[in-house]
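> Structure file data11.cif (mmCIF, C-alpha atoms) is given on the next line.
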data_upload
loop_
_atom_site.label_atom_id
_atom_site.label_comp_id
_atom_site.auth_asym_id
_atom_site.auth_seq_id
_atom_site.Cartn_x
_atom_site.Cartn_y
_atom_site.Cartn_z
CA MET G 1179 77.10 104.39 103.05
CA ASN G 1180 78.92 101.63 104.85
CA GLY G 1181 76.85 98.50 104.94
CA ASP G 1182 76.49 96.73 101.63
CA HIS G 1183 79.84 97.18 99.93
CA GLY G 1184 81.50 93.92 100.91
CA ALA G 1185 80.67 90.56 102.43
CA ASP G 1186 78.40 90.81 105.48
CA GLY G 1187 78.46 94.59 105.18
CA ALA G 1188 82.21 94.75 105.88
CA PRO G 1189 84.39 97.26 104.02
CA ILE G 1190 86.11 95.98 100.89
CA ARG G 1191 89.75 95.21 101.62
CA LEU G 1192 92.15 97.04 99.33
CA THR G 1193 95.76 96.13 98.61
CA VAL G 1194 98.09 98.56 96.82
CA LEU G 1195 100.64 96.67 94.70
CA THR G 1196 103.54 98.88 93.71
CA GLY G 1197 107.18 98.68 92.68
CA PHE G 1198 109.59 100.35 90.29
CA LEU G 1199 109.67 99.73 86.54
CA GLY G 1200 110.70 96.19 85.68
CA ALA G 1201 110.51 94.87 89.22
CA GLY G 1202 107.97 92.19 88.28
CA LYS G 1203 104.64 93.50 89.58
CA THR G 1204 102.48 92.03 86.81
CA SER G 1205 104.19 88.63 86.97
CA LEU G 1206 103.61 88.57 90.72
CA LEU G 1207 99.99 89.59 90.22
CA ASN G 1208 99.41 86.78 87.76
CA ARG G 1209 100.82 84.23 90.19
CA LEU G 1210 98.78 85.71 93.00
CA LEU G 1211 95.57 85.50 90.99
CA SER G 1212 96.29 81.92 89.95
CA GLN G 1213 96.52 80.93 93.61
CA THR G 1214 93.57 82.98 94.86
CA LEU G 1215 90.47 80.82 94.98
CA VAL G 1216 87.93 83.54 95.79
CA ALA G 1217 85.88 84.85 92.87
CA ASN G 1218 84.92 88.12 94.59
CA LEU G 1219 88.19 89.90 93.78
CA ALA G 1220 88.79 92.92 91.53
CA VAL G 1221 92.05 94.21 90.06
CA VAL G 1222 92.61 97.81 89.03
CA VAL G 1223 95.65 98.52 86.85
CA ASN G 1224 96.36 102.19 87.45
CA GLU G 1225 98.09 103.02 84.17
CA PHE G 1226 98.17 106.62 82.96
CA GLY G 1227 99.58 105.94 79.50
CA ALA G 1228 98.51 103.82 76.57
CA VAL G 1229 100.40 100.75 77.76
CA GLY G 1230 98.34 97.61 77.28
CA LEU G 1231 97.50 95.19 80.07
CA ASP G 1232 99.40 91.97 80.46
CA GLN G 1233 97.66 89.54 78.12
CA LEU G 1234 97.83 86.77 80.70
CA LEU G 1235 95.19 88.62 82.69
CA ILE G 1236 92.72 89.34 79.93
CA GLU G 1237 90.02 87.04 78.70
CA THR G 1238 87.39 89.38 77.31
CA ALA G 1239 87.01 93.14 77.30
CA SER G 1240 83.85 95.21 77.28
CA SER G 1241 83.35 98.64 75.76
CA ASP G 1242 83.10 100.35 79.14
CA GLY G 1243 86.64 99.40 80.15
CA VAL G 1244 85.70 96.62 82.56
CA ILE G 1245 87.55 93.45 81.71
CA ASP G 1246 86.53 89.99 82.88
CA VAL G 1247 89.46 87.82 83.89
CA SER G 1248 89.91 84.30 85.17
CA GLU G 1249 88.45 83.13 88.46
CA GLY G 1250 85.64 85.66 88.20
CA CYS G 1251 87.79 88.73 88.85
CA VAL G 1252 87.39 92.05 87.08
CA CYS G 1253 90.19 94.25 85.83
CA CYS G 1254 90.03 97.93 84.92
CA THR G 1255 92.55 100.07 83.09
CA VAL G 1256 92.51 103.51 84.68
CA ARG G 1257 93.86 106.70 83.15
CA GLY G 1258 93.61 109.31 85.85
CA ALA G 1259 90.25 108.16 87.22
CA LEU G 1260 91.16 105.84 90.06
CA VAL G 1261 88.69 107.28 92.56
CA ASP G 1262 85.80 106.99 90.10
CA THR G 1263 86.77 103.39 89.36
CA LEU G 1264 86.87 102.45 93.04
CA VAL G 1265 83.48 104.05 93.60
CA MET G 1266 82.12 102.11 90.60
CA LEU G 1267 83.47 98.82 91.93
CA ALA G 1268 82.00 99.42 95.40
CA THR G 1269 78.56 100.17 93.95
CA TRP G 1270 78.66 97.66 91.09
CA SER G 1271 75.66 95.32 91.00
CA ARG G 1272 76.95 91.77 91.03
CA PRO G 1273 75.09 89.05 89.10
CA ALA G 1274 72.30 87.30 90.96
CA GLY G 1275 73.69 84.76 93.38
CA ALA G 1276 77.27 86.06 93.09
CA PRO G 1277 79.07 86.88 96.34
CA PRO G 1278 79.69 90.54 97.16
CA LEU G 1279 83.05 92.06 96.32
CA GLU G 1280 85.52 91.40 99.14
CA ARG G 1281 88.91 92.57 97.86
CA VAL G 1282 90.45 94.99 95.37
CA ILE G 1283 94.08 95.05 94.27
CA VAL G 1284 95.36 98.30 92.77
CA GLU G 1285 98.52 97.80 90.70
CA THR G 1286 100.29 101.13 90.27
CA THR G 1287 102.48 102.25 87.44
CA GLY G 1288 106.20 101.75 88.04
CA LEU G 1289 106.83 105.46 88.51
CA ALA G 1290 103.97 106.00 90.94
CA ASP G 1291 104.17 107.51 94.40
CA PRO G 1292 101.66 105.37 96.37
CA THR G 1293 100.80 108.08 98.91
CA PRO G 1294 98.11 109.86 96.81
CA ILE G 1295 96.22 106.56 96.54
CA LEU G 1296 96.41 106.11 100.31
CA ALA G 1297 95.32 109.71 100.83
CA SER G 1298 92.27 109.16 98.61
CA LEU G 1299 91.19 106.23 100.76
CA MET G 1300 91.36 108.44 103.84
CA THR G 1301 89.78 111.64 102.55
CA HIS G 1302 87.11 110.64 100.04
CA PRO G 1303 83.85 110.45 102.07
CA PHE G 1304 82.62 107.36 100.23
CA LEU G 1305 85.91 105.49 99.86
CA CYS G 1306 86.90 105.78 103.51
CA GLU G 1307 83.72 103.92 104.44
CA ALA G 1308 83.52 101.51 101.52
CA TYR G 1309 87.16 100.37 101.68
CA ALA G 1310 89.67 99.33 104.33
CA LEU G 1311 93.36 99.49 103.46
CA ASP G 1312 94.68 95.95 103.76
CA GLY G 1313 98.27 96.92 103.03
CA VAL G 1314 100.90 98.22 100.63
CA VAL G 1315 102.92 95.50 98.85
CA THR G 1316 106.09 96.71 97.12
CA VAL G 1317 107.99 94.60 94.61
CA VAL G 1318 111.78 95.09 94.51
CA ASP G 1319 114.12 93.18 92.22
CA HIS G 1320 117.61 92.07 93.23
CA LEU G 1321 119.06 92.97 89.84
CA ALA G 1322 118.30 96.69 89.74
CA GLY G 1323 116.72 97.37 93.13
CA ALA G 1324 119.76 98.81 94.91
CA ALA G 1325 120.53 101.18 92.04
CA ASN G 1326 116.89 102.27 91.82
CA LEU G 1327 116.78 103.02 95.53
CA ALA G 1328 119.98 105.04 95.27
CA GLU G 1329 118.89 107.03 92.23
CA ARG G 1330 115.09 107.24 92.11
CA PRO G 1331 112.93 108.97 94.74
CA GLU G 1332 109.84 107.08 93.51
CA ALA G 1333 111.50 103.74 94.32
CA ARG G 1334 112.50 104.98 97.78
CA ARG G 1335 108.97 106.09 98.59
CA GLN G 1336 107.49 102.81 97.36
CA VAL G 1337 109.74 100.91 99.79
CA ALA G 1338 109.32 103.36 102.67
CA VAL G 1339 105.52 103.03 102.86
CA ALA G 1340 105.40 99.24 102.31
CA ASP G 1341 103.83 96.74 104.68
CA ARG G 1342 105.39 93.89 102.69
CA ILE G 1343 108.42 93.77 100.39
CA VAL G 1344 108.43 91.09 97.69
CA LEU G 1345 111.98 90.36 96.49
CA THR G 1346 112.20 89.16 92.89
CA LYS G 1347 115.03 87.88 90.66
CA GLY G 1348 116.85 86.40 93.62
CA ASP G 1349 118.22 83.67 91.38
CA VAL G 1350 120.46 86.14 89.52
CA VAL G 1351 122.52 87.17 92.55
CA THR G 1352 124.48 85.33 95.22
CA ASP G 1353 123.57 85.51 98.88
CA ALA G 1354 126.48 87.88 99.41
CA GLY G 1355 125.34 90.01 96.50
CA GLN G 1356 121.96 90.58 98.17
CA GLY G 1357 123.57 92.56 100.99
CA PRO G 1358 123.50 96.08 99.47
CA LEU G 1359 119.83 95.81 98.53
CA LEU G 1360 118.77 94.45 101.93
CA ALA G 1361 120.77 97.20 103.65
CA ALA G 1362 119.09 99.85 101.49
CA ILE G 1363 115.63 98.47 102.32
CA ALA G 1364 116.43 98.33 106.02
CA ALA G 1365 117.60 101.94 105.95
CA LEU G 1366 114.25 103.04 104.55
CA ASN G 1367 111.84 100.66 106.28
CA PRO G 1368 113.54 98.63 109.03
CA GLY G 1369 110.43 96.84 110.27
CA VAL G 1370 109.01 95.63 106.97
CA ARG G 1371 108.51 91.92 106.36
CA HIS G 1372 110.29 90.42 103.33
CA VAL G 1373 108.77 87.78 101.05
CA ASP G 1374 110.94 85.91 98.54
CA ALA G 1375 109.06 85.65 95.24
CA ARG G 1376 110.72 82.28 94.58
CA ASP G 1377 108.67 80.83 97.42
CA GLY G 1378 105.62 80.91 95.25
CA GLU G 1379 103.18 78.85 97.30
CA GLY G 1380 100.91 80.65 99.73
CA LEU G 1381 101.50 84.13 98.33
CA ALA G 1382 98.01 85.30 99.23
CA GLN G 1383 98.44 84.29 102.86
CA ARG G 1384 101.70 86.23 103.08
CA LEU G 1385 100.71 89.32 101.12
CA PHE G 1386 97.10 89.82 102.16
CA GLY G 1387 96.07 90.72 105.68
CA CYS G 1388 98.60 93.46 106.51
CA GLY G 1389 96.07 95.52 108.47
CA VAL G 1390 95.40 95.78 112.18
CA VAL G 1391 93.24 92.64 112.21
CA ASP G 1392 95.11 89.38 111.66
CA PRO G 1393 93.09 87.44 109.06
CA ALA G 1394 94.37 84.13 110.42
CA THR G 1395 92.88 84.72 113.87
CA GLY G 1396 90.29 87.42 113.25
CA LYS G 1397 91.76 89.36 116.16
CA ALA G 1398 93.41 92.75 116.29
CA ASP G 1399 97.20 92.56 116.20
CA PRO G 1400 98.51 96.14 116.24
CA ALA G 1401 102.07 95.04 117.05
CA ARG G 1402 102.21 93.05 113.80
CA TRP G 1403 100.68 95.98 111.93
CA LEU G 1404 103.11 98.53 113.33
CA GLY G 1405 106.06 96.29 112.42
CA SER G 1406 109.17 95.22 114.29
CA GLY G 1407 110.89 98.44 113.25
CA ALA G 1408 108.45 100.29 115.48
CA SER G 1409 109.97 98.87 118.64
CA GLY G 1410 111.85 101.34 120.78
CA HIS G 1411 113.26 102.05 124.21
CA GLY G 1412 112.83 105.35 125.93
CA GLY G 1413 110.92 106.68 122.97
CA HIS G 1414 113.66 105.89 120.45
CA ASN G 1415 113.40 103.46 117.58
CA SER G 1416 115.47 100.29 117.62
CA HIS G 1417 115.32 97.04 115.69
CA ASP G 1418 117.03 93.73 115.08
CA HIS G 1419 118.73 94.68 111.83
CA THR G 1420 122.41 95.56 111.70
CA HIS G 1421 121.76 98.64 109.60
CA ASP G 1422 120.65 101.06 112.32
CA HIS G 1423 123.34 103.56 111.43
CA ALA G 1424 122.31 103.43 107.79
CA ALA G 1425 118.74 104.11 108.83
CA ARG G 1426 119.89 107.31 110.49
CA ASP G 1427 122.07 108.48 107.63
CA HIS G 1428 119.91 111.22 106.14
CA SER G 1429 122.04 111.55 103.03
CA ALA G 1430 122.02 107.88 102.06
CA HIS G 1431 118.47 107.67 100.73
CA GLY G 1432 117.14 111.17 100.26
CA ALA G 1433 116.44 111.62 103.98
CA ILE G 1434 113.61 109.05 103.96
CA ARG G 1435 113.57 107.24 107.28
CA SER G 1436 111.27 105.98 110.03
CA PHE G 1437 111.18 106.36 113.78
CA ALA G 1438 108.77 105.65 116.64
CA ILE G 1439 107.53 107.82 119.49
CA VAL G 1440 106.65 105.64 122.48
CA GLN G 1441 105.03 106.55 125.80
CA ALA G 1442 103.76 104.13 128.43
CA GLU G 1443 101.62 106.61 130.38
CA PRO G 1444 98.14 107.23 128.99
CA VAL G 1445 97.67 110.53 127.18
CA ALA G 1446 94.67 112.82 126.85
CA TRP G 1447 92.90 112.39 123.54
CA GLU G 1448 92.68 116.12 122.92
CA ALA G 1449 96.46 116.36 123.36
CA VAL G 1450 96.97 113.70 120.70
CA VAL G 1451 94.58 115.52 118.35
CA ALA G 1452 96.42 118.81 118.94
CA PHE G 1453 99.78 117.14 118.29
CA LEU G 1454 98.57 115.58 115.03
CA ASP G 1455 96.93 118.82 113.90
CA LEU G 1456 100.14 120.80 114.32
CA MET G 1457 102.30 118.03 112.86
CA THR G 1458 100.18 117.80 109.72
CA ALA G 1459 99.93 121.58 109.42
CA THR G 1460 103.70 122.06 109.63
CA GLN G 1461 105.16 118.76 108.42
CA GLY G 1462 102.33 117.24 106.39
CA GLU G 1463 104.08 117.08 103.03
CA ARG G 1464 107.04 115.37 104.69
CA ILE G 1465 104.97 112.58 106.27
CA LEU G 1466 104.81 109.64 103.86
CA ARG G 1467 102.91 107.47 106.30
CA MET G 1468 101.91 107.42 109.96
CA LYS G 1469 100.66 104.45 111.99
CA ALA G 1470 99.76 104.67 115.65
CA ILE G 1471 98.11 102.95 118.56
CA VAL G 1472 97.19 105.33 121.38
CA HIS G 1473 96.80 104.64 125.10
CA VAL G 1474 94.16 107.26 125.89
CA GLN G 1475 93.31 108.55 129.37
CA GLU G 1476 89.59 108.66 128.65
CA SER G 1477 89.37 104.91 127.92
CA PRO G 1478 92.64 103.26 128.97
CA THR G 1479 91.34 99.72 128.34
CA ARG G 1480 90.40 100.44 124.71
CA PRO G 1481 93.26 101.60 122.48
CA VAL G 1482 92.70 103.91 119.53
CA VAL G 1483 94.23 103.06 116.14
CA LEU G 1484 95.32 105.90 113.84
CA HIS G 1485 96.60 105.94 110.29
CA GLY G 1486 97.68 108.93 108.21
CA VAL G 1487 99.36 109.95 104.97
CA ARG G 1488 100.82 113.42 104.47
CA SER G 1489 98.30 115.89 105.90
CA TYR G 1490 95.43 113.41 105.82
CA GLN G 1491 94.16 111.32 108.70
CA HIS G 1492 91.88 108.32 108.44
CA PRO G 1493 89.02 108.45 110.96
CA PRO G 1494 90.22 106.87 114.23
CA ALA G 1495 89.13 103.37 115.16
CA GLN G 1496 88.83 102.08 118.72
CA LEU G 1497 89.62 98.46 119.54
CA ALA G 1498 87.57 96.42 122.00
CA GLY G 1499 90.61 95.99 124.23
CA TRP G 1500 94.35 95.59 124.35
CA PRO G 1501 95.46 92.38 122.64
CA ALA G 1502 96.79 89.67 124.91
CA GLY G 1503 100.49 90.07 125.54
CA MET G 1504 100.65 93.71 124.43
CA ALA G 1505 101.43 96.22 127.13
CA PRO G 1506 99.27 99.37 127.01
CA GLU G 1507 101.30 102.21 125.55
CA THR G 1508 101.16 104.88 122.89
CA ARG G 1509 103.31 104.05 119.87
CA ILE G 1510 103.41 106.41 116.88
CA VAL G 1511 105.43 105.26 113.87
CA LEU G 1512 106.33 108.04 111.45
CA ILE G 1513 107.83 107.47 108.01
CA GLY G 1514 108.98 110.71 106.47
CA ASP G 1515 111.03 112.45 103.84
CA HIS G 1516 113.20 115.16 105.47
CA LEU G 1517 110.97 114.82 108.54
CA ASP G 1518 112.63 116.31 111.64
CA GLU G 1519 112.62 113.63 114.35
CA THR G 1520 113.67 116.05 117.11
CA TYR G 1521 110.86 118.42 116.20
CA ALA G 1522 108.29 115.59 116.27
CA ARG G 1523 109.47 114.28 119.64
CA ASP G 1524 109.60 117.75 121.19
CA LEU G 1525 106.14 118.57 119.91
CA PHE G 1526 104.66 115.32 121.24
CA ALA G 1527 106.30 115.92 124.63
CA ALA G 1528 104.99 119.49 124.71
CA PHE G 1529 101.38 118.43 124.15
CA THR G 1530 101.39 115.31 126.33
CA GLY G 1531 103.42 116.59 129.27
CA GLY G 1532 106.47 114.46 128.62
CA LEU G 1533 109.89 115.67 129.64
CA ARG G 1534 112.35 116.65 126.91
CA SER G 1535 115.49 118.60 127.75
CA ASP G 1536 115.71 122.06 126.18
CA ALA G 1537 112.19 121.70 124.76
CA PRO G 1538 109.16 123.96 125.34
CA ASP G 1539 106.05 122.85 127.21
CA ARG G 1540 102.56 122.94 125.73
CA ALA G 1541 101.75 126.42 127.00
CA ALA G 1542 104.85 127.79 125.32
CA VAL G 1543 104.02 126.09 122.02
CA GLU G 1544 100.41 127.29 122.02
CA ALA G 1545 101.45 130.82 122.97
CA ASN G 1546 104.27 130.90 120.42
CA PRO G 1547 104.73 128.09 117.89
CA LEU G 1548 108.17 129.53 117.15
CA ALA G 1549 109.19 128.13 120.53
CA VAL G 1550 109.65 124.72 118.91
CA PRO G 1551 113.42 124.46 118.33
CA GLY G 1552 114.61 124.45 114.75
CA HIS G 1553 111.22 125.27 113.19
CA SER G 1554 109.94 128.42 111.59
CA PHE G 1555 106.30 129.16 110.77
CA GLY G 1556 107.03 131.32 107.74
#
The structure in this file should be written as structure tokens.


Amino acid sequence: MNGDHGADGAPIRLTVLTGFLGAGKTSLLNRLLSQTLVANLAVVVNEFGAVGLDQLLIETASSDGVIDVSEGCVCCTVRGALVDTLVMLATWSRPAGAPPLERVIVETTGLADPTPILASLMTHPFLCEAYALDGVVTVVDHLAGAANLAERPEARRQVAVADRIVLTKGDVVTDAGQGPLLAAIAALNPGVRHVDARDGEGLAQRLFGCGVVDPATGKADPARWLGSGASGHGGHNSHDHTHDHAARDHSAHGAIRSFAIVQAEPVAWEAVVAFLDLMTATQGERILRMKAIVHVQESPTRPVVLHGVRSYQHPPAQLAGWPAGMAPETRIVLIGDHLDETYARDLFAAFTGGLRSDAPDRAAVEANPLAVPGHSFG
């Protein structure tokens, strides 16, 4: 079914726009739409209550719930039927001469956990072909953001899975007053790129194109996609922020944190599959998001890109080659809630033949999964 959903048969790019209540999602969306020149864009407002849409977006409304807005976009209010709406948009017959739909923005409710939306894109047989996740954009406001991250698990998850963080209401705090919020974000998602909402020009260029392919060059850029927080030495995550200890403080933010598993030597594809199968079977509900590029033994010149949410894995994609300047290596970035880093590293080492002190090898794990330290298969 992949072939006539977007321009030139390409999948429709989908951006998830999320953020806690009052952060400024709709205001950002309005500014983004005012700067976006393409007419082949759709917006889905994923509201589950009877809250009306921002009137700035609406021009006319039809009886079937599809709303025409400025610049030729469409906007849909969804009450529990997001998958059906996305299918409708992908199969919607455009007017004669109109360009095919290229992009969809899904604005979530302020209390939403974005991971079910991401899971739908990976598991629905039509959506995973019709759409390509372009990125998760999370809006965080300086006024209430730090308190929300400390008190609300929904806010923490929205930040943890983000590819971009848009910081709003920066004019109400001093530079020094921004420190607690920036530290809280770094603890949850150290590699994420920040965008200041006050720098209003060029929002589309900074918020779109968060996927593996860099829209500016048309080339794959997995290092940019994985994020600077995915860098590591000896298989351990490190980054340029000064909040590394905060990132490892499990009690600070509900045990949501990220880490990277890195291995330079190529690994057998079936070992990677076995590792992911057991990880999702035992830790799936704790995995908020997984991104990976794999240096496989079977085709060492062509890396494999993986993306997962909870127990769901998007079909793997193989790149034509390693991007210039990127050393071949396997790099798996895991963002989890109460996810055991030691367990994940030991399991990867067991299946790929890596050496981990006081950890079982693959034969021991396959013969007795209880051999993995600290884990029980109850």

> Run the PyMOL selection byres ((chain G and resi 1320) around 9) mentally over the shown coordinates, then write out the matched residues as a ChimeraX atom specification, using the chain letters and numbers from the document.

/G:1201,1318-1319,1321-1324,1345-1351,1355-1356,1359

> For range 1400-1404 of chain G, find every residue with an atom within 9 Å (counting only C-alpha atoms), except residues of its own chain fewer than 4 positions away, and show them as a ChimeraX atom specification.

/G:1341,1369,1388-1392,1408-1409,1469-1471,1483,1501,1504,1509-1511

> Expanded to explicit residues, what is the PyMOL selection byres ((chain G and resi 1512) around 7) for this file, as a ChimeraX atom specification?

/G:1436-1438,1467-1469,1510-1511,1513-1514

> Using only C-alpha atoms for the distances, tell me which of G:Met1266, G:Thr1520, G:Pro1278, G:Met1300 is nearest to Leu1484 in chain G.

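Smallest separation from Leu1484 in chain G among the options: G:Met1300.
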
> Which is closer to Pro1494 in chain G than all the others in G:Cys1306, G:Val1223, G:Ala1446, G:Ala1528, using only C-alpha atoms?

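Looking only at the distances to Pro1494 in chain G, the closest residue turns out to be G:Cys1306.
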
> Nearest residue to Pro1444 in chain G out of G:Pro1358, G:Gly1187, G:Gly1531, G:Gly1275, using all atoms listed in the file?

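Closest residue, counting all atoms listed in the file: G:Gly1531.
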
> Contacts of Val1451 in chain G at 12 Å or less, counting all atoms listed in the file, minus same-chain residues fewer than 5 places along, as a VMD selection string?

chain G and resid 1445 to 1446 1456 to 1458 1472 1474 1482 1484 1491 1493 to 1494 1526 1529 to 1530

> Taking only C-alpha atoms into account, name the residue in G:Asp1291, G:Glu1285, G:Glu1519, G:Asp1262 that is nearest to Arg1435 in chain G.

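Closest candidate: G:Glu1519.
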
> One number please: CA of Asn1367 in chain G to CA of Val1337 in chain G, in Å, one decimal.

6.8 Å

> Which residues would end up in the selection if the PyMOL selection byres ((chain G and resi 1506) around 9) were applied here, given that I need the answer as an NGL selection string?

:G and (1442-1444 or 1472-1473 or 1478-1479 or 1481 or 1500 or 1504-1505 or 1507-1508)

> So which one's closest to Thr1316 in chain G, G:Ala1495, G:Ala1220, G:Ala1361, G:Leu1206? Using all atoms listed in the file, please.

G:Leu1206

> Identify which of the residues G:Leu1219, G:Ala1354, G:Val1261, G:Ala1290 lies closest to Ala1276 in chain G, counting all atoms listed in the file when measuring atom-to-atom distances.

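Under the stated criterion, the closest residue is G:Leu1219.
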
> Have a look at CA of Arg1480 in chain G and CA of Leu1497 in chain G and let me know their distance in Å, one decimal.

5.6 Å

> In Å, how far is it from CA of Thr1204 in chain G to CA of Trp1270 in chain G?

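Distance reported for this atom pair: 24.8 Å.
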
> Would you kindly return, as a list in words, each protein, DNA or RNA residue with an atom no farther than 10 Å from any atom of Pro1294 in chain G, considering only C-alpha atoms and excluding same-chain residues fewer than 4 positions away?

Ala1290, Ser1298, Leu1299, Met1300, Leu1466, Val1487 and Arg1488 of chain G

> Anything within 10 Å of (101.7, 101.4, 92.1): list those residues as an MDAnalysis selection string, counting only C-alpha atoms and sticking to the file's coordinates.

chainID G and resid 1194:1199 1203 1223:1225 1284:1293 1295 1314:1317 1336
